[in-house]
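Take a look at the structure set out below.
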Amino acid sequence: MVEELVKPGDVVWDIGANVGLFAFAAAGLAGDRGKVLAVEPDTWLVDLLRRSARLNPELPVDILPVAVSASVEVSTFYIARRLRALNSLAGGTLSDDNAREKQLVMTISLDWLLDHYDRPRVLKIDVEGVEANVLSGAARLLREVRPVILCEVIGRNADSVTRMLTDANYTLYDAELRPAKRVPLSRASVNTLALPNDVD
């Protein structure tokens, strides 16, 4: 998906960057004229991201240690017992019952970030069950900037994610299919590719 979506000079926002696989691959394709923002609230993973950035200074990756949701506030963030890729904000896939620990984190909205960082052409969202919250804080981004969006969507959020993106004049596709096999979706899939209808 990085090879398909990211072009030289692109600005890419990676929301829920984890260890940075998408972010650093995107930075390699965006090149020195591009810019990648890796957003990750887990401080242990942030340390890994910063280490990768130090080891690869030629890759334009900025790291922002916060979570993204609908608004700017202090929120509870759960750390998974085993796979840190499953970490989530409260309301996501983890809770007190199935988390190793919980932490307080700052959350920002994508519209807030729009006032503080370069506008993205590509937006990747992988936030373990709070993707609807993330998109609900992105009304201006969806209306004015119109990035290409790659979003992981869990089943219970599929209807709300579909509604928000189609209301914003996006067409949804299954990102797991090759481009030639894709047809528009009536409902968001697990890996949803959302393309703005009015942007080439």
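Scheme for the structure tokens: letters A, B, ... for chains in order shown; per-chain residue numbers from 1; ligand numbers from 1 in order shown.
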
What are the nearest atom pairs, with distances in Å to one decimal, for all residues of stretch 45-157 of chain A that come at most 7 Å from stretch 7-27 of chain A, using only C-alpha atoms, set out by chain and rising residue number as JSON lines?
{"residue": "A:Leu45", "atom": "CA", "partner": "A:Val19", "partner_atom": "CA", "distance": 5.9}
{"residue": "A:Leu48", "atom": "CA", "partner": "A:Val19", "partner_atom": "CA", "distance": 6.4}
{"residue": "A:Leu49", "atom": "CA", "partner": "A:Val19", "partner_atom": "CA", "distance": 6.0}
{"residue": "A:Leu59", "atom": "CA", "partner": "A:Ala27", "partner_atom": "CA", "distance": 5.4}
{"residue": "A:Pro60", "atom": "CA", "partner": "A:Ala27", "partner_atom": "CA", "distance": 5.7}
{"residue": "A:Val61", "atom": "CA", "partner": "A:Ala27", "partner_atom": "CA", "distance": 6.4}
{"residue": "A:Ala85", "atom": "CA", "partner": "A:Asn18", "partner_atom": "CA", "distance": 6.2}
{"residue": "A:Asp118", "atom": "CA", "partner": "A:Val11", "partner_atom": "CA", "distance": 6.9}
{"residue": "A:Arg119", "atom": "CA", "partner": "A:Val11", "partner_atom": "CA", "distance": 6.7}
{"residue": "A:Pro120", "atom": "CA", "partner": "A:Val11", "partner_atom": "CA", "distance": 4.7}
{"residue": "A:Arg121", "atom": "CA", "partner": "A:Val11", "partner_atom": "CA", "distance": 5.6}
{"residue": "A:Val122", "atom": "CA", "partner": "A:Val12", "partner_atom": "CA", "distance": 4.8}
{"residue": "A:Leu123", "atom": "CA", "partner": "A:Trp13", "partner_atom": "CA", "distance": 4.9}
{"residue": "A:Lys124", "atom": "CA", "partner": "A:Asp14", "partner_atom": "CA", "distance": 4.9}
{"residue": "A:Ile125", "atom": "CA", "partner": "A:Ile15", "partner_atom": "CA", "distance": 4.8}
{"residue": "A:Asp126", "atom": "CA", "partner": "A:Gly16", "partner_atom": "CA", "distance": 5.1}
{"residue": "A:Val127", "atom": "CA", "partner": "A:Gly16", "partner_atom": "CA", "distance": 5.3}

Resulting file, chosen residues, N, CA and C atoms, as a short mmCIF file (atom, residue, chain, number, x, y, z; two decimals), in the first residue's frame:
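As written to disk, part11.cif reads:
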data_model
loop_
_atom_site.label_atom_id
_atom_site.label_comp_id
_atom_site.auth_asym_id
_atom_site.auth_seq_id
_atom_site.Cartn_x
_atom_site.Cartn_y
_atom_site.Cartn_z
N LEU A 45 7.09 2.38 22.42
CA LEU A 45 7.18 2.37 20.96
C LEU A 45 7.78 3.67 20.43
N LEU A 48 11.41 3.37 20.30
CA LEU A 48 11.85 2.61 19.12
C LEU A 48 11.80 3.46 17.86
N LEU A 49 10.73 4.24 17.71
CA LEU A 49 10.61 5.13 16.55
C LEU A 49 11.75 6.13 16.51
N LEU A 59 15.86 9.66 6.21
CA LEU A 59 14.41 9.50 6.05
C LEU A 59 13.68 10.59 6.84
N PRO A 60 12.80 11.34 6.19
CA PRO A 60 12.15 12.49 6.82
C PRO A 60 10.95 12.09 7.68
N VAL A 61 11.22 11.54 8.88
CA VAL A 61 10.15 11.13 9.79
C VAL A 61 10.20 11.96 11.06
N ALA A 85 0.85 -3.90 19.32
CA ALA A 85 0.06 -3.43 18.18
C ALA A 85 -1.42 -3.39 18.52
N ASP A 118 2.32 20.20 8.48
CA ASP A 118 2.03 20.27 7.04
C ASP A 118 0.84 19.38 6.68
N ARG A 119 0.06 19.84 5.70
CA ARG A 119 -1.14 19.12 5.28
C ARG A 119 -0.79 17.81 4.59
N PRO A 120 -1.46 16.72 4.96
CA PRO A 120 -1.12 15.42 4.36
C PRO A 120 -1.80 15.18 3.02
N ARG A 121 -1.09 14.47 2.16
CA ARG A 121 -1.74 13.94 0.96
C ARG A 121 -2.19 12.50 1.22
N VAL A 122 -1.50 11.83 2.15
CA VAL A 122 -1.84 10.45 2.53
C VAL A 122 -2.02 10.40 4.05
N LEU A 123 -3.10 9.77 4.48
CA LEU A 123 -3.41 9.60 5.90
C LEU A 123 -3.65 8.13 6.18
N LYS A 124 -2.84 7.56 7.07
CA LYS A 124 -3.04 6.16 7.48
C LYS A 124 -3.51 6.16 8.93
N ILE A 125 -4.57 5.40 9.21
CA ILE A 125 -5.15 5.33 10.55
C ILE A 125 -5.23 3.87 10.97
N ASP A 126 -4.58 3.54 12.08
CA ASP A 126 -4.63 2.19 12.65
C ASP A 126 -4.65 2.36 14.16
N VAL A 127 -5.85 2.47 14.73
CA VAL A 127 -5.97 2.89 16.14
C VAL A 127 -6.81 1.93 16.98
#

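You will find atom CA of A:Val68 at 10.5 Å from atom CA of A:Ser88.
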
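Proximity to stretch 164-168 of chain A at 9 Å, evaluated using only C-alpha atoms and with sequence-adjacent residues fewer than 5 positions away removed, yields A:Ala132, A:Leu135, A:Ser136, A:Ala139, A:Leu142, A:Arg143, A:Arg146, A:Asp159, A:Ala194, A:Pro196.
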
- stretch 2-159 of chain A: which residues are strand (DSSP E or B) by DSSP, as an MDAnalysis selection string? chainID A and resid 11:15 35:39 61:64 67:68 73:80 88:89 99:108 122:125 148:152

Keeping N, CA and C atoms for every residue in the selection just given, could you write it to a file as a short mmCIF file (atom, residue, chain, number, x, y, z; two decimals), in the first residue's frame?
data_model
loop_
_atom_site.label_atom_id
_atom_site.label_comp_id
_atom_site.auth_asym_id
_atom_site.auth_seq_id
_atom_site.Cartn_x
_atom_site.Cartn_y
_atom_site.Cartn_z
N VAL A 11 3.45 14.54 1.81
CA VAL A 11 3.34 14.59 3.27
C VAL A 11 2.41 13.47 3.68
N VAL A 12 2.85 12.67 4.64
CA VAL A 12 2.10 11.50 5.10
C VAL A 12 1.93 11.58 6.61
N TRP A 13 0.70 11.37 7.07
CA TRP A 13 0.45 11.24 8.50
C TRP A 13 0.16 9.78 8.79
N ASP A 14 0.92 9.19 9.73
CA ASP A 14 0.72 7.81 10.16
C ASP A 14 0.18 7.83 11.58
N ILE A 15 -1.13 7.64 11.72
CA ILE A 15 -1.80 7.73 13.02
C ILE A 15 -1.92 6.32 13.60
N LYS A 35 7.65 14.50 3.69
CA LYS A 35 7.66 14.60 5.14
C LYS A 35 6.67 13.57 5.69
N VAL A 36 7.07 12.86 6.73
CA VAL A 36 6.20 11.87 7.35
C VAL A 36 6.09 12.18 8.83
N LEU A 37 4.86 12.16 9.34
CA LEU A 37 4.61 12.34 10.76
C LEU A 37 4.10 11.02 11.33
N ALA A 38 4.86 10.45 12.27
CA ALA A 38 4.47 9.22 12.95
C ALA A 38 3.88 9.59 14.30
N VAL A 39 2.60 9.32 14.50
CA VAL A 39 1.91 9.66 15.74
C VAL A 39 1.68 8.38 16.53
N VAL A 61 11.22 11.54 8.88
CA VAL A 61 10.15 11.13 9.79
C VAL A 61 10.20 11.96 11.06
N ASP A 62 9.09 12.65 11.35
CA ASP A 62 8.91 13.33 12.63
C ASP A 62 8.05 12.44 13.51
N ILE A 63 8.30 12.45 14.82
CA ILE A 63 7.59 11.58 15.75
C ILE A 63 6.87 12.44 16.77
N LEU A 64 5.57 12.18 16.92
CA LEU A 64 4.74 12.94 17.85
C LEU A 64 4.13 11.97 18.85
N ALA A 67 -1.85 10.56 21.39
CA ALA A 67 -2.91 9.77 20.76
C ALA A 67 -3.80 10.72 19.97
N VAL A 68 -4.59 10.16 19.08
CA VAL A 68 -5.53 10.96 18.29
C VAL A 68 -6.94 10.46 18.58
N GLU A 73 -7.67 16.46 24.77
CA GLU A 73 -7.98 16.18 26.18
C GLU A 73 -7.00 15.17 26.74
N VAL A 74 -7.17 14.83 28.01
CA VAL A 74 -6.41 13.76 28.65
C VAL A 74 -7.28 12.51 28.62
N SER A 75 -6.71 11.39 28.16
CA SER A 75 -7.48 10.15 28.00
C SER A 75 -6.72 8.98 28.59
N THR A 76 -7.44 7.88 28.80
CA THR A 76 -6.84 6.63 29.26
C THR A 76 -6.40 5.81 28.06
N PHE A 77 -5.17 5.30 28.16
CA PHE A 77 -4.59 4.49 27.09
C PHE A 77 -4.19 3.15 27.68
N TYR A 78 -4.63 2.06 27.04
CA TYR A 78 -4.37 0.72 27.54
C TYR A 78 -3.22 0.07 26.78
N ILE A 79 -2.33 -0.56 27.55
CA ILE A 79 -1.21 -1.31 26.98
C ILE A 79 -1.58 -2.78 26.97
N ALA A 80 -1.48 -3.40 25.80
CA ALA A 80 -1.86 -4.81 25.65
C ALA A 80 -0.92 -5.73 26.43
N SER A 88 -4.75 0.39 22.84
CA SER A 88 -5.83 1.26 22.39
C SER A 88 -6.23 2.27 23.45
N LEU A 89 -6.82 3.35 22.99
CA LEU A 89 -7.46 4.30 23.88
C LEU A 89 -8.69 3.65 24.51
N ALA A 99 -5.97 -5.68 29.63
CA ALA A 99 -4.77 -4.88 29.41
C ALA A 99 -3.74 -5.15 30.50
N ARG A 100 -2.47 -4.96 30.15
CA ARG A 100 -1.40 -5.10 31.12
C ARG A 100 -1.38 -3.93 32.08
N GLU A 101 -1.60 -2.74 31.54
CA GLU A 101 -1.61 -1.52 32.35
C GLU A 101 -2.34 -0.43 31.61
N LYS A 102 -2.68 0.63 32.33
CA LYS A 102 -3.27 1.79 31.68
C LYS A 102 -2.47 3.02 32.04
N GLN A 103 -2.44 3.96 31.10
CA GLN A 103 -1.68 5.20 31.27
C GLN A 103 -2.55 6.37 30.88
N LEU A 104 -2.19 7.55 31.36
CA LEU A 104 -2.84 8.76 30.90
C LEU A 104 -2.04 9.32 29.74
N VAL A 105 -2.73 9.72 28.68
CA VAL A 105 -2.07 10.30 27.51
C VAL A 105 -2.85 11.53 27.06
N MET A 106 -2.17 12.40 26.35
CA MET A 106 -2.84 13.52 25.69
C MET A 106 -3.40 13.03 24.36
N THR A 107 -4.61 13.46 24.07
CA THR A 107 -5.15 13.22 22.73
C THR A 107 -5.30 14.55 22.01
N ILE A 108 -5.12 14.49 20.72
CA ILE A 108 -5.35 15.64 19.85
C ILE A 108 -6.33 15.20 18.77
N VAL A 122 -1.50 11.83 2.15
CA VAL A 122 -1.84 10.45 2.53
C VAL A 122 -2.02 10.40 4.05
N LEU A 123 -3.10 9.77 4.48
CA LEU A 123 -3.41 9.60 5.90
C LEU A 123 -3.65 8.13 6.18
N LYS A 124 -2.84 7.56 7.07
CA LYS A 124 -3.04 6.16 7.48
C LYS A 124 -3.51 6.16 8.93
N ILE A 125 -4.57 5.40 9.21
CA ILE A 125 -5.15 5.33 10.55
C ILE A 125 -5.23 3.87 10.97
N VAL A 148 -5.86 11.06 0.66
CA VAL A 148 -6.15 9.64 0.47
C VAL A 148 -6.03 9.00 1.85
N ILE A 149 -6.97 8.10 2.19
CA ILE A 149 -7.00 7.54 3.54
C ILE A 149 -6.92 6.02 3.47
N LEU A 150 -6.03 5.46 4.26
CA LEU A 150 -5.95 4.03 4.49
C LEU A 150 -6.29 3.81 5.95
N CYS A 151 -7.39 3.11 6.24
CA CYS A 151 -7.89 3.02 7.60
C CYS A 151 -8.27 1.60 7.96
N GLU A 152 -7.75 1.13 9.10
CA GLU A 152 -8.21 -0.14 9.65
C GLU A 152 -9.52 0.13 10.38
#

For the structure I just gave you, how does DSSP split stretch 14-48 of chain A - specifically, which residues are alpha helix (DSSP H)? Reply as a PDB file with C-alpha atoms, in the first residue's frame.
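See result01.pdb below for the written result:
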ATOM      1  CA  LEU A  21       6.904   0.116   9.356  1.00  0.00           C
ATOM      2  CA  PHE A  22       4.460   2.222   7.333  1.00  0.00           C
ATOM      3  CA  ALA A  23       6.045   5.528   8.370  1.00  0.00           C
ATOM      4  CA  PHE A  24       9.613   4.685   7.404  1.00  0.00           C
ATOM      5  CA  ALA A  25       8.585   2.932   4.198  1.00  0.00           C
ATOM      6  CA  ALA A  26       6.567   6.047   3.315  1.00  0.00           C
ATOM      7  CA  ALA A  27       9.535   8.268   4.119  1.00  0.00           C
ATOM      8  CA  GLY A  28      11.719   6.268   1.744  1.00  0.00           C
ATOM      9  CA  LEU A  29       9.267   6.909  -1.085  1.00  0.00           C
ATOM     10  CA  ALA A  30       8.429  10.512  -0.151  1.00  0.00           C
ATOM     11  CA  THR A  43       6.229   5.771  25.032  1.00  0.00           C
ATOM     12  CA  TRP A  44       8.016   2.417  24.664  1.00  0.00           C
ATOM     13  CA  LEU A  45       7.183   2.371  20.958  1.00  0.00           C
ATOM     14  CA  VAL A  46       8.071   6.071  20.679  1.00  0.00           C
ATOM     15  CA  ASP A  47      11.571   5.204  21.907  1.00  0.00           C
ATOM     16  CA  LEU A  48      11.848   2.605  19.122  1.00  0.00           C
TER      17      LEU A  48
END

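When only C-alpha atoms are used to measure the gap to A:Tyr170, the shortest distance among A:Val153, A:Leu195, A:Ala188, A:Val2 belongs to A:Leu195.
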
- Between A:Val72, A:Ile154, A:Leu110, A:Ala53, single out the one closest to A:Gly92, counting only C-alpha atoms. A:Ile154

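Straight-line separation from atom CA of A:Arg54 to atom CA of A:Ser69: 28.2 Å.
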
- Using only C-alpha atoms, the residue out of A:Gly34, A:Pro57, A:Pro147, A:Gly137 with shortest distance to A:Asp198 is A:Pro147

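Between A:Thr192 and the candidates A:Leu114, A:Ala70, A:Leu94, A:Met1, the tightest atom-to-atom separation, counting only C-alpha atoms, involves A:Met1.
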